[in-house]
Structure formats: C-alpha cells, structure tokens
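Trainee: See start_4.txt below, with compact mmCIF, C-alpha atoms and all ligand atoms.
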```txt
# COMPACT_ATOMS: atom_id res chain seq x y z
CA GLU A 76 78.03 80.61 121.80
CA THR A 77 79.60 77.46 120.42
CA VAL A 78 79.67 75.80 117.03
CA SER A 79 81.18 72.52 115.96
CA ALA A 80 84.24 72.93 113.77
CA GLU A 81 84.25 69.27 112.81
CA GLY A 82 85.15 68.88 109.16
CA LEU A 83 85.65 72.63 108.72
CA TYR A 84 88.74 74.72 108.06
CA VAL A 85 89.47 77.51 110.53
CA LEU A 86 90.86 80.49 108.62
CA PRO A 87 91.62 84.08 109.52
CA GLY A 88 88.72 86.30 108.49
CA ALA A 89 89.38 87.95 105.15
CA ILE A 90 90.52 91.57 105.08
CA ASP A 91 89.00 93.30 102.04
CA SER A 92 90.93 96.52 101.57
CA HIS A 93 88.66 97.78 98.78
CA VAL A 94 84.90 98.17 99.26
CA HIS A 95 82.43 100.93 98.36
CA PHE A 96 79.70 100.93 100.99
CA ARG A 97 78.15 104.14 99.52
CA ASP A 98 77.24 105.59 102.90
CA PRO A 99 76.63 108.51 103.20
CA GLY A 100 75.21 109.42 99.84
CA TYR A 101 73.73 106.50 97.91
CA PRO A 102 71.45 104.48 100.22
CA HIS A 103 69.65 102.96 97.22
CA LYS A 104 72.97 101.27 96.28
CA GLU A 105 74.28 100.23 99.71
CA THR A 106 74.51 101.30 103.35
CA TRP A 107 77.06 100.49 106.03
CA LYS A 108 74.62 98.03 107.54
CA THR A 109 73.90 96.12 104.32
CA GLY A 110 77.47 96.29 103.01
CA SER A 111 78.96 95.06 106.28
CA ALA A 112 76.29 92.33 106.49
CA ALA A 113 77.46 91.22 103.04
CA ALA A 114 81.05 91.22 104.30
CA ALA A 115 80.18 89.16 107.38
CA CYS A 116 78.27 86.58 105.32
CA GLY A 117 81.20 86.43 102.92
CA GLY A 118 83.71 85.57 105.66
CA VAL A 119 85.22 89.07 105.63
CA THR A 120 85.95 90.45 109.11
CA THR A 121 87.66 93.74 108.20
CA VAL A 122 86.95 96.11 105.32
CA PHE A 123 88.48 99.36 104.11
CA ASP A 124 85.84 101.71 102.70
CA MET A 125 86.46 103.99 99.72
CA PRO A 126 85.92 107.78 99.74
CA ASN A 127 83.77 108.29 96.62
CA THR A 128 80.66 108.70 98.73
CA ASN A 129 78.54 111.86 98.92
CA PRO A 130 79.99 113.97 100.38
CA PRO A 131 83.39 112.55 99.36
CA THR A 132 85.54 111.66 102.38
CA GLY A 133 87.92 114.58 101.93
CA THR A 134 86.93 116.92 104.77
CA LEU A 135 86.74 116.45 108.53
CA GLU A 136 82.95 116.92 108.35
CA ALA A 137 82.55 114.24 105.69
CA LEU A 138 84.88 111.93 107.60
CA ALA A 139 82.84 112.39 110.77
CA MET A 140 79.67 111.56 108.80
CA LYS A 141 81.27 108.37 107.51
CA LEU A 142 82.50 107.29 110.94
CA LYS A 143 78.99 107.90 112.26
CA ALA A 144 77.44 105.79 109.48
CA ALA A 145 79.98 103.03 110.15
CA GLU A 146 78.74 102.70 113.73
CA SER A 147 76.18 100.23 112.38
CA SER A 148 78.88 97.95 110.95
CA TYR A 149 78.93 94.21 111.63
CA VAL A 150 82.66 94.01 110.84
CA ASP A 151 85.75 96.02 111.69
CA PHE A 152 86.74 98.75 109.29
CA GLY A 153 89.32 101.21 108.08
CA ILE A 154 88.48 104.43 106.25
CA HIS A 155 90.42 105.44 103.15
CA ALA A 156 90.10 109.24 103.00
CA LEU A 157 90.23 111.14 99.73
CA PHE A 158 93.61 112.22 98.38
CA ASP A 159 93.25 114.91 95.71
CA ASP A 160 94.37 118.47 95.03
CA SER A 161 91.79 119.87 97.45
CA THR A 162 92.75 117.58 100.35
CA VAL A 163 96.51 117.24 99.97
CA ALA A 164 97.29 120.02 102.46
CA THR A 165 95.04 118.41 105.09
CA LEU A 166 96.12 114.75 104.98
CA ILE A 167 97.45 114.79 108.53
CA ASP A 168 94.27 116.44 109.82
CA LEU A 169 92.26 113.65 108.18
CA LEU A 170 94.43 111.04 109.92
CA ASP A 171 93.88 112.82 113.23
CA GLY A 172 90.15 112.82 112.43
CA GLY A 173 90.07 109.02 112.20
CA ALA A 174 91.09 108.12 108.64
CA THR A 175 93.37 105.08 108.41
CA SER A 176 94.80 105.67 104.98
CA PHE A 177 94.12 107.33 101.61
CA LYS A 178 92.76 106.71 98.15
CA ALA A 179 93.76 108.67 95.06
CA PHE A 180 91.48 108.42 92.01
CA VAL A 181 94.17 108.83 89.39
CA GLY A 182 91.68 107.23 86.97
CA ASN A 183 88.20 108.65 86.59
CA THR A 184 85.37 106.47 87.87
CA PHE A 185 82.03 106.53 89.74
CA GLY A 186 81.58 109.84 91.56
CA ASN A 187 83.64 111.71 88.94
CA LEU A 188 86.19 112.89 91.47
CA PRO A 189 88.96 114.81 89.74
CA ALA A 190 92.31 113.05 89.49
CA PRO A 191 95.03 114.57 91.66
CA SER A 192 97.65 116.47 89.68
CA ASP A 193 101.10 114.90 89.57
CA GLY A 194 102.32 117.79 91.72
CA ALA A 195 99.77 117.01 94.40
CA LEU A 196 100.70 113.33 94.27
CA LEU A 197 104.36 114.14 94.86
CA GLU A 198 103.52 116.53 97.70
CA GLY A 199 101.13 114.10 99.38
CA PHE A 200 103.60 111.24 99.12
CA GLU A 201 106.26 113.48 100.71
CA THR A 202 103.85 114.19 103.56
CA LEU A 203 102.88 110.56 104.13
CA ALA A 204 106.25 108.87 103.62
CA PRO A 205 107.67 109.64 107.09
CA LEU A 206 104.42 108.40 108.66
CA GLY A 207 104.47 105.11 106.77
CA ILE A 208 100.86 105.61 105.66
CA ARG A 209 99.96 103.74 102.49
CA THR A 210 98.02 105.39 99.65
CA THR A 211 95.78 103.23 97.48
CA VAL A 212 95.72 104.36 93.87
CA HIS A 213 93.11 103.76 91.21
CA ALA A 214 95.76 103.74 88.49
CA GLU A 215 94.36 104.53 85.06
CA ASN A 216 95.28 107.54 82.95
CA SER A 217 92.16 109.74 82.78
CA SER A 218 93.36 111.83 79.87
CA ILE A 219 93.86 108.79 77.63
CA MET A 220 90.46 107.42 78.60
CA ALA A 221 88.52 110.67 78.19
CA ARG A 222 89.71 111.13 74.59
CA ARG A 223 89.11 107.48 73.70
CA GLN A 224 85.61 107.54 75.13
CA LYS A 225 84.76 110.75 73.28
CA HIS A 226 85.87 109.27 69.95
CA LEU A 227 84.05 105.98 70.58
CA ARG A 228 80.80 107.74 71.42
CA GLU A 229 81.10 109.99 68.37
CA ALA A 230 81.63 106.87 66.25
CA GLY A 231 78.39 105.46 67.68
CA ARG A 232 79.99 102.49 69.45
CA THR A 233 77.63 101.10 72.08
CA ASP A 234 78.61 97.40 71.90
CA PRO A 235 79.80 95.52 75.02
CA LEU A 236 83.48 95.89 74.09
CA ALA A 237 83.28 99.67 73.63
CA HIS A 238 83.93 100.12 77.35
CA LEU A 239 87.19 98.17 77.10
CA ALA A 240 88.18 100.12 74.00
CA ALA A 241 87.78 103.33 76.03
CA ARG A 242 90.02 102.08 78.82
CA PRO A 243 92.93 100.28 77.14
CA ALA A 244 95.60 98.54 79.19
CA VAL A 245 98.09 101.26 78.26
CA ALA A 246 96.11 103.70 80.44
CA GLU A 247 96.71 101.40 83.40
CA ILE A 248 100.35 100.68 82.57
CA GLU A 249 101.16 104.38 82.24
CA ALA A 250 99.55 105.33 85.55
CA ILE A 251 101.17 102.47 87.48
CA GLY A 252 104.58 103.47 86.12
CA ARG A 253 104.02 107.07 87.20
CA ILE A 254 102.88 106.10 90.71
CA ILE A 255 105.87 103.82 91.20
CA THR A 256 108.23 106.61 90.09
CA LEU A 257 106.76 109.02 92.64
CA ALA A 258 106.69 106.39 95.40
CA GLU A 259 110.30 105.43 94.79
CA TRP A 260 111.47 109.04 94.86
CA THR A 261 109.60 109.93 98.06
CA GLY A 262 109.86 106.62 99.94
CA ALA A 263 106.07 106.56 100.29
CA ARG A 264 104.07 103.38 100.59
CA VAL A 265 101.59 102.87 97.77
CA HIS A 266 99.02 100.24 96.87
CA ILE A 267 97.77 99.55 93.35
CA ALA A 268 94.03 98.89 93.36
CA HIS A 269 92.32 96.34 91.07
CA HIS A 270 95.38 95.42 88.99
CA SER A 271 93.87 94.05 85.77
CA ALA A 272 96.51 93.92 83.03
CA ALA A 273 99.22 91.36 82.34
CA ASP A 274 101.42 94.02 80.73
CA SER A 275 102.06 96.08 83.88
CA LEU A 276 103.14 93.17 86.08
CA TYR A 277 106.76 93.75 85.16
CA LEU A 278 106.55 97.24 86.68
CA LEU A 279 105.45 95.78 90.02
CA ARG A 280 108.02 92.99 89.89
CA GLU A 281 110.93 95.30 89.18
CA ALA A 282 109.84 97.98 91.64
CA LYS A 283 109.61 95.39 94.42
CA ARG A 284 113.05 94.11 93.50
CA ARG A 285 114.41 97.66 93.90
CA GLY A 286 112.82 97.87 97.37
CA VAL A 287 109.89 100.16 96.59
CA ASP A 288 107.08 99.48 99.07
CA VAL A 289 104.40 98.96 96.45
CA THR A 290 101.68 96.42 97.13
CA ALA A 291 98.97 95.38 94.69
CA GLU A 292 95.62 93.70 94.67
CA THR A 293 93.63 92.00 91.97
CA CYS A 294 89.98 90.96 92.11
CA PRO A 295 88.06 87.78 91.24
CA GLN A 296 86.65 89.41 88.09
CA TYR A 297 90.13 89.89 86.59
CA LEU A 298 91.18 86.34 87.43
CA LEU A 299 88.04 84.50 86.39
CA LEU A 300 86.26 86.67 83.80
CA ASN A 301 87.26 88.30 80.52
CA THR A 302 85.90 89.82 77.30
CA VAL A 303 84.13 86.56 76.45
CA ASN A 304 81.89 87.12 79.48
CA MET A 305 81.56 90.78 78.53
CA LEU A 306 79.91 89.75 75.24
CA ASP A 307 77.25 87.89 77.24
CA LEU A 308 76.78 90.23 80.17
CA GLY A 309 77.36 93.68 78.64
CA GLY A 310 76.69 96.58 80.99
CA LEU A 311 76.16 94.26 83.94
CA LEU A 312 79.88 93.45 83.79
CA ARG A 313 80.93 97.04 83.11
CA VAL A 314 83.62 97.83 85.66
CA ASN A 315 86.67 100.07 86.01
CA PRO A 316 89.22 98.93 85.04
CA PRO A 317 87.39 96.74 82.51
CA VAL A 318 87.75 92.98 82.43
CA ARG A 319 90.28 92.38 79.68
CA GLU A 320 91.03 89.83 76.97
CA PRO A 321 91.47 86.16 78.00
CA ARG A 322 95.27 86.46 77.72
CA HIS A 323 95.34 88.49 80.95
CA ASN A 324 93.81 85.87 83.28
CA GLU A 325 96.66 83.37 83.62
CA PRO A 326 99.48 85.91 84.17
CA LEU A 327 97.47 87.44 87.02
CA TRP A 328 97.20 84.03 88.71
CA ARG A 329 100.91 83.49 88.24
CA ALA A 330 101.63 86.94 89.71
CA LEU A 331 99.61 86.05 92.81
CA LEU A 332 101.49 82.79 93.21
CA ASP A 333 104.84 84.58 92.74
CA GLY A 334 103.96 87.38 95.18
CA VAL A 335 104.09 90.08 92.49
CA ILE A 336 100.44 90.72 93.28
CA ASP A 337 100.04 90.57 97.05
CA MET A 338 96.38 90.17 97.74
CA ILE A 339 92.77 89.70 96.71
CA ALA A 340 90.35 92.57 97.21
CA THR A 341 86.92 92.86 95.67
CA ASP A 342 86.21 96.47 94.65
CA HIS A 343 82.71 95.76 96.00
CA ALA A 344 80.82 98.42 94.01
CA PRO A 345 77.06 97.86 94.21
CA HIS A 346 74.56 99.77 92.09
CA ALA A 347 70.79 99.39 91.79
CA PRO A 348 69.81 96.72 89.21
CA GLU A 349 68.17 99.33 86.95
CA GLU A 350 71.43 101.32 86.94
CA LYS A 351 73.27 98.24 85.59
CA THR A 352 70.85 97.22 82.84
CA ARG A 353 70.30 100.33 80.71
CA ASP A 354 70.26 99.78 76.94
CA ASP A 355 73.17 102.16 76.30
CA ILE A 356 76.36 100.68 77.75
CA TRP A 357 77.71 104.19 78.44
CA GLU A 358 74.76 104.74 80.78
CA CYS A 359 75.36 101.60 82.84
CA ASP A 360 77.06 102.36 86.16
CA CYS A 361 80.44 100.66 86.62
CA GLY A 362 81.03 97.97 89.22
CA PHE A 363 79.04 95.27 91.04
CA PRO A 364 78.95 93.72 94.52
CA GLY A 365 81.83 91.41 95.41
CA VAL A 366 82.56 91.30 99.13
CA GLU A 367 80.10 88.45 99.63
CA THR A 368 81.22 86.21 96.77
CA GLN A 369 85.01 86.50 96.87
CA MET A 370 85.59 83.67 99.32
CA PRO A 371 83.40 80.99 97.69
CA LEU A 372 84.77 81.92 94.25
CA MET A 373 88.37 81.70 95.39
CA LEU A 374 87.86 78.56 97.48
CA THR A 375 86.36 76.91 94.41
CA GLU A 376 89.67 77.54 92.63
CA ILE A 377 91.58 76.17 95.64
CA ASN A 378 89.38 73.06 95.52
CA GLY A 379 90.22 72.81 91.84
CA GLY A 380 93.92 72.65 92.67
CA ARG A 381 94.99 76.04 91.35
CA ALA A 382 96.72 76.96 94.63
CA ALA A 383 96.99 75.79 98.23
CA ILE A 384 94.66 76.98 100.94
CA THR A 385 97.70 78.57 102.61
CA ASP A 386 98.15 80.66 99.46
CA TYR A 387 94.56 81.81 99.79
CA VAL A 388 95.11 82.81 103.43
CA ARG A 389 98.15 84.81 102.37
CA TRP A 390 96.13 86.68 99.70
CA SER A 391 92.96 87.20 101.74
CA ALA A 392 94.32 88.02 105.19
CA GLU A 393 98.07 87.92 105.76
CA ALA A 394 99.14 90.26 102.96
CA PRO A 395 96.55 92.97 103.68
CA ALA A 396 97.30 92.71 107.42
CA ARG A 397 100.96 93.30 106.63
CA ALA A 398 100.34 96.06 104.10
CA TRP A 399 98.23 98.14 106.50
CA GLY A 400 100.23 97.35 109.62
CA LEU A 401 97.66 95.07 111.27
CA GLN A 402 99.80 91.98 111.75
CA GLY A 403 99.69 90.61 115.28
CA VAL A 404 96.40 92.45 115.74
CA LYS A 405 94.07 90.86 113.26
CA GLY A 406 94.00 88.87 110.08
CA VAL A 407 96.73 86.45 111.05
CA ILE A 408 96.26 83.65 113.54
CA ALA A 409 99.10 84.37 115.95
CA PRO A 410 99.55 84.87 119.68
CA GLY A 411 97.88 88.12 120.66
CA ALA A 412 95.91 88.42 117.44
CA HIS A 413 92.21 89.14 117.55
CA ALA A 414 89.88 86.21 117.03
CA ASP A 415 88.76 87.35 113.57
CA ILE A 416 87.93 83.95 112.24
CA VAL A 417 85.95 82.28 109.50
CA LEU A 418 85.04 78.59 109.49
CA VAL A 419 84.69 77.29 105.96
CA ASP A 420 83.21 74.10 104.59
CA MET A 421 85.44 73.14 101.67
CA GLY A 422 83.06 70.37 100.66
CA ARG A 423 79.92 72.44 100.40
CA SER A 424 78.61 73.24 96.92
CA GLU A 425 76.29 76.10 96.15
CA ASN A 426 74.79 77.88 93.21
CA LEU A 427 75.41 81.60 93.75
CA SER A 428 72.27 83.68 93.49
CA GLN A 429 72.19 87.45 93.17
CA TYR A 430 68.79 87.44 94.89
CA ARG A 431 70.26 86.01 98.09
CA LEU A 432 72.91 88.73 98.43
CA GLN A 433 72.84 90.86 101.57
CA SER A 434 73.93 93.76 99.39
CA ILE A 435 71.24 96.15 98.11
CA GLY A 436 72.76 95.91 94.62
CA LYS A 437 71.16 92.54 93.89
CA ILE A 438 72.67 92.07 90.46
CA SER A 439 75.87 90.15 89.92
CA PRO A 440 77.96 88.70 87.09
CA TRP A 441 78.43 85.68 89.39
CA HIS A 442 74.72 84.89 89.41
CA ASP A 443 74.05 81.19 88.80
CA ARG A 444 77.72 80.25 89.12
CA GLN A 445 78.48 76.92 90.78
CA VAL A 446 80.95 77.15 93.68
CA LYS A 447 82.48 74.66 96.09
CA GLY A 448 83.92 75.92 99.38
CA CYS A 449 81.77 78.22 101.49
CA PRO A 450 82.11 80.31 104.65
CA LEU A 451 79.74 79.02 107.33
CA HIS A 452 80.51 80.87 110.56
CA THR A 453 82.15 84.30 110.91
CA MET A 454 83.60 85.63 114.15
CA VAL A 455 84.74 89.24 114.67
CA ARG A 456 86.88 89.87 117.75
CA GLY A 457 85.70 86.71 119.44
CA ARG A 458 82.01 87.15 118.72
CA PHE A 459 79.96 85.37 116.06
CA VAL A 460 78.31 87.75 113.61
CA VAL A 461 77.29 84.92 111.27
CA ARG A 462 76.42 81.41 112.44
CA ASP A 463 75.39 78.54 110.17
CA GLY A 464 75.31 81.01 107.30
CA GLU A 465 72.78 83.18 109.14
CA LEU A 466 73.48 86.82 109.87
CA LEU A 467 73.09 87.54 113.60
CA GLU A 468 71.25 90.83 113.27
CA HIS A 469 71.68 91.88 116.89
CA THR A 470 75.44 92.14 116.25
CA ALA A 471 75.03 95.15 113.93
CA GLY A 472 77.31 97.81 115.41
CA TRP A 473 79.84 95.32 116.82
CA GLY A 474 82.32 96.45 114.16
CA GLN A 475 84.97 98.92 115.24
CA SER A 476 87.39 101.26 113.53
CA ILE A 477 90.80 99.58 113.28
CA LYS A 478 92.39 103.02 113.68
CA PRO A 479 93.14 102.74 117.44
CA VAL A 480 95.12 99.54 116.97
CA GLN A 481 97.00 100.16 113.76
CA ARG A 482 100.78 100.13 113.91
CA MET A 483 102.86 101.06 110.93
CA PRO A 484 106.55 100.16 110.84
CA PRO A 485 108.85 102.99 109.75
CA ALA A 486 108.87 103.82 106.05
CA ARG A 487 111.87 103.27 103.83
CA VAL A 488 114.15 106.23 103.15
CA ALA A 489 113.43 108.75 100.45
CA HIS A 490 115.67 109.60 97.54
CA PRO A 491 118.36 111.94 98.97
CA ASP A 492 117.23 114.76 96.68
CA THR A 493 113.57 114.65 97.65
CA THR A 494 113.89 117.06 100.56
CA THR A 495 111.22 119.72 100.80
CA ARG A 496 113.99 121.83 102.40
CA ALA A 497 114.62 122.99 98.86
CA ILE A 498 111.54 125.18 99.31
CA THR A 499 112.51 126.89 102.54
CA GLU A 500 116.33 126.64 102.53
CA PRO A 501 117.66 127.34 99.05
CA GLY A 502 121.28 126.24 98.72
CA ALA A 503 121.25 124.08 101.89
CA ALA A 504 122.59 121.03 100.07
CA GLU A 505 125.31 123.06 98.38
CA ARG A 506 126.45 124.62 101.68
CA GLU A 507 126.63 121.15 103.23
CA ALA A 508 128.72 119.90 100.33
CA ARG A 509 131.29 122.68 100.76
O1 LIG A 601 83.84 99.91 88.51
C1 LIG A 601 84.14 100.63 89.45
N1 LIG A 601 83.21 101.07 90.32
N2 LIG A 601 85.40 100.98 89.60
C2 LIG A 601 85.77 101.90 90.47
O2 LIG A 601 86.93 102.23 90.50
C3 LIG A 601 84.76 102.56 91.34
C4 LIG A 601 83.58 101.73 91.52
C5 LIG A 601 82.41 102.47 92.09
O3 LIG A 601 82.58 103.21 93.06
O4 LIG A 601 81.30 102.28 91.58
ZN ZN A 602 89.05 102.17 91.63
ZN ZN A 603 86.84 100.76 93.75
```
For the structure just supplied, provide its representation as structure tokens.

Mentor:
Amino acid sequence: ETVSAEGLYVLPGAIDSHVHFRDPGYPHKETWKTGSAAAACGGVTTVFDMPNTNPPTGTLEALAMKLKAAESSYVDFGIHALFDDSTVATLIDLLDGGATSFKAFVGNTFGNLPAPSDGALLEGFETLAPLGIRTTVHAENSSIMARRQKHLREAGRTDPLAHLAARPAVAEIEAIGRIITLAEWTGARVHIAHHSAADSLYLLREAKRRGVDVTAETCPQYLLLNTVNMLDLGGLLRVNPPVREPRHNEPLWRALLDGVIDMIATDHAPHAPEEKTRDDIWECDCGFPGVETQMPLMLTEINGGRAAITDYVRWSAEAPARAWGLQGVKGVIAPGAHADIVLVDMGRSENLSQYRLQSIGKISPWHDRQVKGCPLHTMVRGRFVVRDGELLEHTAGWGQSIKPVQRMPPARVAHPDTTTRAITEPGAAEREAR
C-alpha cells in the first residue's frame, strides 16, 4: 500500500471532538458506518461521538449498544457519555464501561434531553476533577430560550431569523459564565462546545488567564456563515447555537489565532433532507453534516492567507489531542505517535456537492461552495482507509476505541472549600483550624 506524496502536504489526521453519528436510534439520519466513512473522506482520523442517540448514552446498556455499533467504524473514536441528573451518580461506572468523557446538554437541543441541574453539575465536576476527565458542555441557557421561543411562536414569527431571536447570545454567555464558575471552584476540566458568540470570548480569555482548564471549540459555520446566509437558507441552516450576526465572525477568527478558542470541531449533525426543508422553521430539525467538509473549508481559508497551515494543524489535531490527553499517541506527528495521517492537495479546487457526501443527511449549507485544498489520502493507525479520495470499504471496522490508550495528566487543584467532606464530616475544617 503506497501512494506518492509528491506535491502534497502530510498532516496529522484531524480529531473532531464533536460528531453526532445517531447510532443507535436514527439510522435514517446516520449510522456509525456512514458517519465514520464521512470522517475518513474528510481527513478526520478520530471522532468523539455525542450521547443524544436513542437510547441516550447514559446507562451501561446504552453505552454497550453504542460501542457495539461503533465496531463498524472506519476511524478511531471516543464516546462522550451523557452527564445529567439521572447519570451523575454513575459517571465512574460509565468510564469503567468504556466511555472516554462526558457531554452535558445545558442547552436544549435535538433529542430534548433535560439540562442537568446546577447541583448535579457541581457534583459531577467534583467527581470528575480528581480523574482529570473533561466534560463537554452545550452551553446555552434553556430557560431563557424556552420563554423566548414560546413568545415568538405566539407572535406568529416563522421567518428565518426567528430561530436566532429564540436563542440570543445572552443565553450562551450566561451558561458559559456558569460553567466556568463551577469548573474553577471544583478544578474540573471543561470544554465549551460550538462557541458561537463574540461577546463570551472575554469569559474564556480571563478564565484561562486564571488557570481554569477550560478549552473551547468553534465550527466552520460560525466562522464562515452568518444571518445573511440564514435569510437565503432558512431552516436548512437552522442549528444550535444559531449562526449569528456578521459582527461575530471576525472575533471568532481572532480568538482562534490568539488561542482563546482552542480548536475546530464540526458538530456534525445530519438529518434527513425532508426534516430540514419543512415550511415552518420551527419544524426543521437543527444541525447539518460537517465532518466531511471541515477540512476543505478551512484549507480554503489557509490558502486565502487567513492563517498558516501550522495554525490549522494546531486547531484540527494538536489542541484536541492535548485536551483529551491523546498527545504522543495520536493527532500529533511525534516519535511514538500513531500514523494517523492525512495527505492534502493544497492546489486542488472543488465545488462541494451535498449529493456526493458519504453522510446519509445529504443536505448541506455548503452545497455548491467553491473550495481549494482537499484531503486525498487518509491513514488510520498506519493503514489507508481512503486512497485517491476513494473510501476503501473493506476497512470498515478498522476504527478502534481510543479508551485503552488515553492518558490524562493530573487535574489542577480545587478551591480549598470545595471538599465534599462537608457532607460526611461536619466541622472538620474548623477542628483543623483550631
Ligand atoms: O444543531 C444542533 N444539532 N445542535 C446541537 O447541539 C445538537 C445537534 C443534533 O444532535 O442534531
Ligand atoms: Zn450541542
Ligand atoms: Zn452537537
């Protein structure tokens, strides 16, 4: 198995820490096989799958079902298990059962999983902090959004911008602030999913300066699209959080360049085309496929001079490898690292087509977009899964759970008053002080 790398760039395979492969539960939207094929063709060699499947990945049974489904994967994978009020007492059991990490739906979205209470968040963070396990948070305030949406629907708003009106940036800012407060107090590692607003960047910047281990991702749609596109695309571009006004795009780019936002993920969220094109915007499912288009979209921006290719490698591979403790194992070209590699042709131009996607959700806001810079060959642990842009179908199942190789460095220390000893040893601190 050889290919010529002449004229190509050899990059670490991308690590997409945010995909919804829908399996088990929604095979008409995506399966592990089709989602991971999309990843492989997109130059992504490791994915982390989200728990809003059916059943949700919050019990050992559901986790076992997901690990079984993932046996057909072309690429390596981590499993974010569900963190909510019903699972918070069993987080360690879920880790023992094969979960790599957790996802908390603090903002309501597809699957309608209830947001964890603030009490459960604090408790879960206390549990995970000593283990160094990072929790990804969908940070939007559900209570703000539920009221707004109710009022908008009662007022008869069904226009493309109604979805944004229901999910204002303040809902995101508030939730991020709350998560950072709880992470700082407990010493837990947290990760902010799909950061979309310019106005909450200061929270990340200042928390990092104080030493809070908060990482953040943004997605191509928040960098490259905005409400102008929403007017054209309507429900097709409906996504949570919503794409925002044009003023948000540039600050997000700057935050990536400054390291305030650490990485690019996609929130790959496929739905069937008919679920994305209903007349009533409130009835259009939120999200769209992304794992397959991230690399060409971002490389086009690199070709355009917005950042260096080394910046892209930091956002697509190095930062997620670091955040989930995979450095030296995969994602970074270094001695002893796995050969998770993508060869890209920076000179190749293409017109993206939703009909050519591997994903079952063949509808995309990127349809008909001109890109320059494309992944050509993808190698997972030393073996090609895509060659000359062609999926090697016999490699389905080559993907492995990254669980056995993950290493997390020790977590930072908690606030001295955070001790759960207060529950079982009343007065312990006072006795020590005497
Ligand atoms: O638009 C979205 N779709 N945002 C999310 O947070 C979830 C995702 C989905 O699962 O469809
Ligand atoms: Zn989310
Ligand atoms: Zn998501």

Trainee: Could you give me, as a tab-separated table, every stretch 209-308 of chain A residue with an atom at most 12 Å from stretch 123-137 of chain A, plus its closest atom pair and distance in Å to one decimal, counting all atoms listed in the file, rows ordered by chain then number?

Mentor:
```
residue	atom	partner	partner_atom	distance
A:Thr210	CA	A:Met125	CA	11.6
A:Thr211	CA	A:Met125	CA	9.6
A:Val212	CA	A:Met125	CA	11.0
A:His213	CA	A:Met125	CA	10.8
A:Ala268	CA	A:Met125	CA	11.1
```

Trainee: As AutoDock Vina command-line options, please: the centre and edge lengths in Å, to one decimal, of an axis-aligned box enclosing every listed atom of stretch 235-240 of chain A with 4 Å added on each side.

Mentor:
```
--center_x 84.0 --center_y 97.8 --center_z 75.5 --size_x 16.4 --size_y 12.6 --size_z 11.7
```

Trainee: Could the residues of chain A that have an atom at most 9 Å from ligand LIG 601 (chain A) be listed as CSV, each with its closest atom pair and the distance in Å to one decimal, counting only C-alpha atoms and all ligand atoms and ordered by chain and ascending residue number?

Mentor:
```
residue,atom,partner,partner_atom,distance
A:Val94,CA,A:LIG601,O3,8.3
A:His95,CA,A:LIG601,O3,5.8
A:Phe96,CA,A:LIG601,O3,8.7
A:Arg97,CA,A:LIG601,O3,7.9
A:Met125,CA,A:LIG601,O3,7.7
A:Pro126,CA,A:LIG601,O3,8.8
A:Asn127,CA,A:LIG601,O3,6.3
A:Thr128,CA,A:LIG601,O3,8.1
A:Phe180,CA,A:LIG601,O2,7.8
A:Gly182,CA,A:LIG601,O2,7.7
A:Asn183,CA,A:LIG601,O2,7.6
A:Thr184,CA,A:LIG601,O2,5.2
A:Phe185,CA,A:LIG601,O4,4.7
A:Gly186,CA,A:LIG601,O3,6.9
A:His213,CA,A:LIG601,O2,6.4
A:Ala268,CA,A:LIG601,O2,8.4
A:His269,CA,A:LIG601,O2,8.0
A:Leu312,CA,A:LIG601,O1,8.9
A:Arg313,CA,A:LIG601,O1,6.8
A:Val314,CA,A:LIG601,O1,3.5
A:Asn315,CA,A:LIG601,O1,3.8
A:Pro316,CA,A:LIG601,N2,6.3
A:Pro317,CA,A:LIG601,O1,7.7
A:Asp342,CA,A:LIG601,C4,6.7
A:His343,CA,A:LIG601,C4,7.5
A:Ala344,CA,A:LIG601,O4,4.6
A:Pro345,CA,A:LIG601,O4,6.7
A:His346,CA,A:LIG601,O4,7.2
A:Asp360,CA,A:LIG601,O4,6.9
A:Cys361,CA,A:LIG601,O1,4.0
A:Gly362,CA,A:LIG601,O1,3.5
A:Phe363,CA,A:LIG601,O1,7.1
```

Trainee: Considering all atoms listed in the file, can you say which of A:Leu203, A:Ala214, A:Ala144, A:Val85 comes closest to ligand ZN 602 (chain A)?

Mentor: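 The closest residue to ligand ZN 602 (chain A) is A:Ala214.
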
Trainee: So, with all atoms listed in the file as the atoms that count, which of A:His226, A:Arg456, A:Lys108, A:His270 lies closest to ligand ZN 603 (chain A)?

Mentor: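 That would be A:His270, the residue with the smallest distance to ligand ZN 603 (chain A).
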
Trainee: Just give me the gap between atom CA of A:Gln433 and atom CA of A:Ala291 in Å, one decimal is fine.

Mentor: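 Value for the atom CA of A:Gln433-atom CA of A:Ala291 distance: 27.4 Å.
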
Trainee: Can you pull out the residues contacting A:Gly286? Cut-off 12 Å, using only C-alpha atoms, and skip same-chain residues under 6 positions away; I want them as a compact mmCIF listing (two decimals) with C-alpha atoms, in the frame of the given file.

Mentor:
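Output saved as part_6.txt:
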```
# COMPACT_ATOMS: atom_id res chain seq x y z
CA ILE A 255 105.87 103.82 91.20
CA ALA A 258 106.69 106.39 95.40
CA GLU A 259 110.30 105.43 94.79
CA TRP A 260 111.47 109.04 94.86
CA GLY A 262 109.86 106.62 99.94
CA ALA A 263 106.07 106.56 100.29
CA ARG A 264 104.07 103.38 100.59
CA LEU A 279 105.45 95.78 90.02
CA ARG A 280 108.02 92.99 89.89
CA ALA A 486 108.87 103.82 106.05
CA ARG A 487 111.87 103.27 103.83
CA VAL A 488 114.15 106.23 103.15
CA ALA A 489 113.43 108.75 100.45
```

Trainee: So how far away is atom CA of A:Thr121 from atom CA of A:Leu83, in Å?

Mentor: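 Rounded to one decimal, the two atoms are 21.2 Å apart.
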
Trainee: Counting only C-alpha atoms and all ligand atoms, figure out which residue out of A:Ser161, A:Ser147, A:Ser271, A:Asn304 gets nearest to ligand ZN 602 (chain A).

Mentor: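 For ligand ZN 602 (chain A), the nearest of the given residues is A:Ser271.
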
Trainee: Which is closest to A:Ala195 among A:Asp288, A:Asp307, A:Asp151, A:Asp159, if we use all atoms listed in the file?

Mentor: A:Asp159

Trainee: Calculated over all atoms listed in the file, which of the candidates A:Ile154, A:Cys116, A:Leu138, A:Ala340 has the smallest distance to ligand ZN 602 (chain A)?

Mentor: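 For ligand ZN 602 (chain A), the nearest of the given residues is A:Ala340.
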
Trainee: Using only C-alpha atoms, which of A:Val461, A:Ala504, A:His490, A:Leu327 sits nearest A:Glu201?

Mentor: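 Result for the nearest residue to A:Glu201: A:His490.
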
Trainee: Can you work out the spacing between atom CA of A:Cys449 and atom CA of A:Ser434 in Å, to one decimal?

Mentor: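 Between these atoms lies a distance of 17.5 Å.
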
Trainee: Which polymer residues have any atom within 12 Å of an atom of A:Arg458, counting only C-alpha atoms, with same-chain residues fewer than 3 positions away left out, as a PyMOL selection string?

Mentor: chain A and resi 76-78+115+120+149-151+413-417+452-455+461-462+467+469-471+473-474

Trainee: Considering all atoms listed in the file, return as number ranges by chain whatever protein or nucleic-acid residues lie within 12 Å of stretch 217-222 of chain A, sequence-local ones (same chain, fewer than 2 positions apart) excluded.

Mentor: A: 180-184, 187-192, 213-215, 224-229, 237-250, 315-317

Trainee: Extract, using only C-alpha atoms, all DNA, RNA and protein residues at most 10 Å from stretch 394-396 of chain A, discarding same-chain residues fewer than 2 positions from it, and format them as a ChimeraX atom specification.

Mentor: /A:89-92,121,290-292,334,336-340,388-392,398-407,481
